[in-house]
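Have a look at target24.txt; it's compact mmCIF, C-alpha atoms:
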```
# COMPACT_ATOMS: atom_id res chain seq x y z
CA MET A 28 36.13 2.39 24.81
CA THR A 29 33.80 3.48 22.06
CA LEU A 30 30.21 4.40 22.77
CA CYS A 31 27.75 4.25 19.90
CA MET A 32 24.24 5.61 20.13
CA PHE A 33 21.54 5.09 17.59
CA ALA A 34 18.48 7.28 17.46
CA SER A 35 15.33 5.65 16.28
CA THR A 36 12.04 7.27 15.52
CA SER A 37 9.10 4.95 15.45
CA GLN A 38 6.57 6.02 12.88
CA ALA A 39 3.17 4.42 12.78
CA SER A 40 1.83 3.70 9.35
CA PRO A 41 -1.17 5.35 7.71
CA ILE A 42 -4.59 3.86 8.49
CA THR A 43 -6.06 1.28 6.16
CA TYR A 44 -9.57 0.39 7.32
CA VAL A 45 -11.93 -1.84 5.36
CA GLU A 46 -15.57 -2.13 6.41
CA ILE A 47 -17.43 -5.33 5.67
CA GLU A 48 -20.28 -5.04 3.17
CA ASP A 49 -23.49 -3.60 4.63
CA THR A 50 -26.39 -5.98 4.84
CA ALA A 51 -29.65 -5.70 6.69
CA GLY A 52 -28.09 -7.51 9.67
CA ASN A 53 -24.71 -5.82 10.11
CA ALA A 54 -25.17 -2.12 9.28
CA SER A 55 -25.04 0.34 12.18
CA THR A 56 -26.27 3.81 13.04
CA SER A 57 -23.09 4.51 15.07
CA PRO A 58 -19.91 5.74 13.39
CA THR A 59 -16.88 3.45 13.42
CA LEU A 60 -13.74 4.64 15.23
CA VAL A 61 -10.80 4.00 12.90
CA GLY A 62 -8.05 5.66 14.98
CA ALA A 63 -5.42 8.35 14.54
CA LEU A 64 -4.32 9.42 11.07
CA ASP A 65 -0.62 9.30 10.28
CA ILE A 66 1.68 10.68 7.58
CA GLY A 67 0.85 9.28 4.15
CA VAL A 68 -2.37 8.31 2.40
CA ASN A 69 -4.87 6.99 4.95
CA THR A 70 -7.67 4.92 3.41
CA ILE A 71 -11.10 4.05 4.74
CA SER A 72 -13.11 1.72 2.52
CA GLY A 73 -16.75 0.86 2.91
CA TRP A 74 -19.93 -0.22 1.27
CA VAL A 75 -23.31 1.48 1.18
CA THR A 76 -26.47 -0.37 0.34
CA ASN A 77 -30.10 0.57 0.62
CA ALA A 78 -30.75 -2.23 3.13
CA ASP A 79 -32.15 0.35 5.57
CA PRO A 80 -32.35 4.03 4.49
CA SER A 81 -32.09 5.25 8.12
CA LEU A 82 -28.57 3.85 8.46
CA SER A 83 -25.41 5.82 7.82
CA ASP A 84 -21.81 4.97 7.05
CA GLY A 85 -19.65 7.18 9.20
CA TYR A 86 -16.10 7.07 10.53
CA LEU A 87 -14.36 8.88 13.37
CA PHE A 88 -10.66 9.64 13.25
CA THR A 89 -8.27 11.90 15.10
CA LEU A 90 -5.56 14.26 13.90
CA GLY A 91 -2.56 14.68 16.18
CA ALA A 92 -0.20 17.57 16.82
CA GLY A 93 2.21 18.46 14.04
CA LEU A 94 0.07 16.92 11.28
CA VAL A 95 -1.99 18.47 8.51
CA ILE A 96 -4.60 16.89 6.22
CA ASN A 97 -3.75 18.18 2.73
CA ASP A 98 -6.33 16.35 0.64
CA VAL A 99 -9.59 14.45 1.21
CA ARG A 100 -11.16 12.43 -1.60
CA ILE A 101 -13.91 9.87 -2.02
CA ILE A 102 -13.45 7.38 -4.83
CA MET A 103 -16.41 5.26 -5.82
CA GLY A 104 -16.04 1.62 -6.84
CA ALA A 105 -16.03 0.97 -10.58
CA THR A 106 -19.25 -1.01 -10.55
CA GLY A 107 -22.51 -0.83 -8.69
CA SER A 108 -25.85 0.90 -8.83
CA GLY A 109 -27.36 4.06 -7.41
CA ALA A 110 -25.44 6.94 -5.85
CA ILE A 111 -24.20 8.27 -2.51
CA ARG A 112 -25.24 11.77 -1.51
CA GLN A 113 -24.74 14.11 1.43
CA ILE A 114 -21.18 13.21 2.37
CA ALA A 115 -19.96 15.37 5.26
CA LEU A 116 -16.59 16.16 6.81
CA ARG A 117 -16.99 17.58 10.32
CA GLN A 118 -14.65 18.57 13.15
CA ASP A 119 -15.31 17.96 16.87
CA SER A 120 -18.12 15.65 15.94
CA SER A 121 -19.28 12.14 16.67
CA ASN A 122 -21.96 11.96 13.97
CA TYR A 123 -23.34 13.44 10.75
CA LEU A 124 -25.28 16.29 12.37
CA THR A 125 -23.09 17.77 15.13
CA GLY A 126 -19.79 19.60 15.30
CA THR A 127 -18.33 22.14 12.91
CA LEU A 128 -19.17 21.44 9.28
CA ILE A 129 -15.98 21.73 7.22
CA ASP A 130 -17.56 20.75 3.95
CA GLU A 131 -20.41 18.73 2.50
CA LEU A 132 -20.48 17.15 -0.92
CA PHE A 133 -23.68 16.62 -2.86
CA ALA A 134 -26.04 18.16 -0.31
CA SER A 135 -28.46 18.49 -3.17
CA GLY A 136 -28.45 16.89 -6.57
CA THR A 137 -27.78 13.45 -7.91
CA GLY A 138 -24.81 12.44 -5.74
CA LEU A 139 -21.78 10.35 -6.62
CA SER A 140 -22.24 7.14 -8.61
CA ALA A 141 -20.02 4.22 -9.66
CA GLY A 142 -16.59 5.27 -10.91
CA GLY A 143 -17.00 8.83 -9.56
CA LEU A 144 -14.52 10.99 -7.66
CA GLY A 145 -15.35 13.67 -5.11
CA VAL A 146 -12.81 16.11 -3.61
CA PHE A 147 -13.43 18.09 -0.43
CA PRO A 148 -12.23 21.65 -1.13
CA GLY A 149 -12.15 22.52 2.61
CA THR A 150 -8.61 21.20 3.11
CA PRO A 151 -5.86 21.65 4.38
CA LEU A 152 -6.85 20.95 7.98
CA SER A 153 -4.40 21.24 10.85
CA SER A 154 -6.53 21.49 13.98
CA ILE A 155 -5.87 18.77 16.53
CA GLY A 156 -8.98 16.80 17.43
CA GLN A 157 -11.63 14.35 16.35
CA TYR A 158 -13.21 14.37 12.91
CA PHE A 159 -16.18 12.62 11.31
CA ILE A 160 -16.46 11.66 7.66
CA GLY A 161 -19.43 9.85 6.17
CA ASN A 162 -22.89 10.05 4.77
CA GLY A 163 -26.01 10.82 6.74
CA GLY A 164 -29.01 8.59 7.25
CA GLY A 165 -30.51 7.77 3.89
CA GLY A 166 -27.18 8.68 2.26
CA GLY A 167 -27.76 6.18 -0.52
CA LEU A 168 -30.38 6.84 -3.15
CA ALA A 169 -32.97 4.12 -3.82
CA GLY A 170 -31.35 0.97 -5.18
CA THR A 171 -27.86 1.96 -4.05
CA ASP A 172 -25.27 -0.80 -3.84
CA LEU A 173 -21.80 0.78 -4.06
CA SER A 174 -18.32 0.46 -2.60
CA TYR A 175 -16.25 3.55 -1.85
CA THR A 176 -12.87 4.60 -0.48
CA TYR A 177 -12.01 7.78 1.39
CA GLN A 178 -8.40 8.88 0.89
CA LEU A 179 -7.03 11.33 3.45
CA THR A 180 -3.51 12.55 2.64
CA VAL A 181 -1.61 13.64 5.74
CA ALA A 182 1.77 15.37 6.00
CA SER A 183 3.79 16.85 8.83
CA ALA A 184 3.01 20.49 9.47
CA PRO A 185 5.89 22.92 8.96
CA GLU A 186 7.47 23.89 12.26
CA PRO A 187 7.19 27.60 13.14
CA THR A 188 10.95 27.78 13.80
CA THR A 189 11.67 26.43 10.33
CA LEU A 190 9.48 29.11 8.77
CA THR A 191 11.13 31.79 10.91
CA LEU A 192 14.63 30.68 9.86
CA LEU A 193 13.59 30.66 6.21
CA ALA A 194 12.16 34.19 6.48
CA LEU A 195 15.28 35.48 8.24
CA SER A 196 17.57 33.95 5.61
CA VAL A 197 15.59 35.61 2.80
CA LEU A 198 15.78 38.94 4.63
CA GLY A 199 19.52 38.48 5.15
CA LEU A 200 20.08 37.74 1.47
CA GLY A 201 18.07 40.82 0.52
CA TYR A 202 20.08 42.99 2.93
CA SER A 203 23.42 41.69 1.66
CA ARG A 204 22.41 42.28 -1.98
CA ARG A 205 21.31 45.82 -1.12
CA LYS A 206 24.59 46.51 0.69
CA GLN A 207 26.57 45.10 -2.25
CA PHE A 208 24.60 47.31 -4.65
CA ARG A 209 25.44 50.43 -2.56
CA ILE A 210 29.17 49.56 -2.55
CA GLU A 211 29.20 49.07 -6.34
CA ARG A 212 27.46 52.46 -6.87
CA ASN A 213 30.13 54.32 -4.88
```

Exercise: express the given structure as structure tokens:
Amino acid sequence: MTLCMFASTSQASPITYVEIEDTAGNASTSPTLVGALDIGVNTISGWVTNADPSLSDGYLFTLGAGLVINDVRIIMGATGSGAIRQIALRQDSSNYLTGTLIDELFASGTGLSAGGLGVFPGTPLSSIGQYFIGNGGGGGLAGTDLSYTYQLTVASAPEPTTLTLLALSVLGLGYSRRKQFRIERN
């Protein structure tokens, strides 16, 4: 009798969330929960328009154990008018103003216009918890009508035991080379 066992690891796929275009009737002041990030490039796409300057486009996501966010970018659509400003990445937050500010792009200045690219330098992030990414109320300058995509690149965090084994192997190699050098000198 032969017994075969197959191990299977189920891996969820990275998030791909697409917001419908903002209009005066469908925009919201509450951030949208998009879920838990997973390994790979997670994308959140949206649209900002100056339909109501008090509105904000914000998204909540979570980062689980053993994962690290290596890169966060905002890529503006190729066409459109105006600019987005005051884009924040916050931890332990449910909106633009609370929680720990990790980084903020374009807090002052002209913002990011069509075809632009913004990179958050505050990465990598490995703390488990909830995060907010988005612009604050009035995030679009007058006449803004732009699409955008956030790209959050997530990888598995190195295990502490793996790092320990690597360090011990380097030390062992160094010790053996030193011992070999002593033998050759004598």

* Asked: Quick one, how far is atom CA of Pro185 of chain A from atom CA of Asp98 of chain A?
  ->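 If I compute the distance from atom CA of Pro185 of chain A to atom CA of Asp98 of chain A, I get 16.2 Å.
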
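The coordinates place atom CA of Ser153 of chain A at 20.8 Å from atom CA of Leu193 of chain A.
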
* **Straight-line distance linking atom CA of Ala182 of chain A with atom CA of Gly67 of chain A, stated in Å to one decimal** => 6.4 Å

* Expected answer as a PyMOL selection string: all residues with atoms within 8 Å of (-15.8, 5.9, -0.3), only C-alpha atoms -> chain A and resi 71-74+101-104+174-177

* To do: Go through A:Gln207, A:Thr180, A:Gln118, A:Gln157 one by one, measure the shortest atom-to-atom distance of each to Ile66 of chain A using only C-alpha atoms, and give the residue with the smallest value.
  =>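 Going through A:Gln207, A:Thr180, A:Gln118, A:Gln157 one by one, the smallest distance to Ile66 of chain A is for A:Thr180.
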
* Asked: For Leu87 of chain A, which residue among A:Val197, A:Ile160, A:Val146, A:Val45 is the nearest when counting all atoms listed in the file?
  ->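 Checking each of A:Val197, A:Ile160, A:Val146, A:Val45 against Leu87 of chain A, counting all atoms listed in the file, the winner is A:Ile160.
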
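Take the candidates A:Leu200, A:Leu132, A:Ile42, A:Ala115 and check each one against Val61 of chain A using all atoms listed in the file; the shortest distance goes to A:Ile42.
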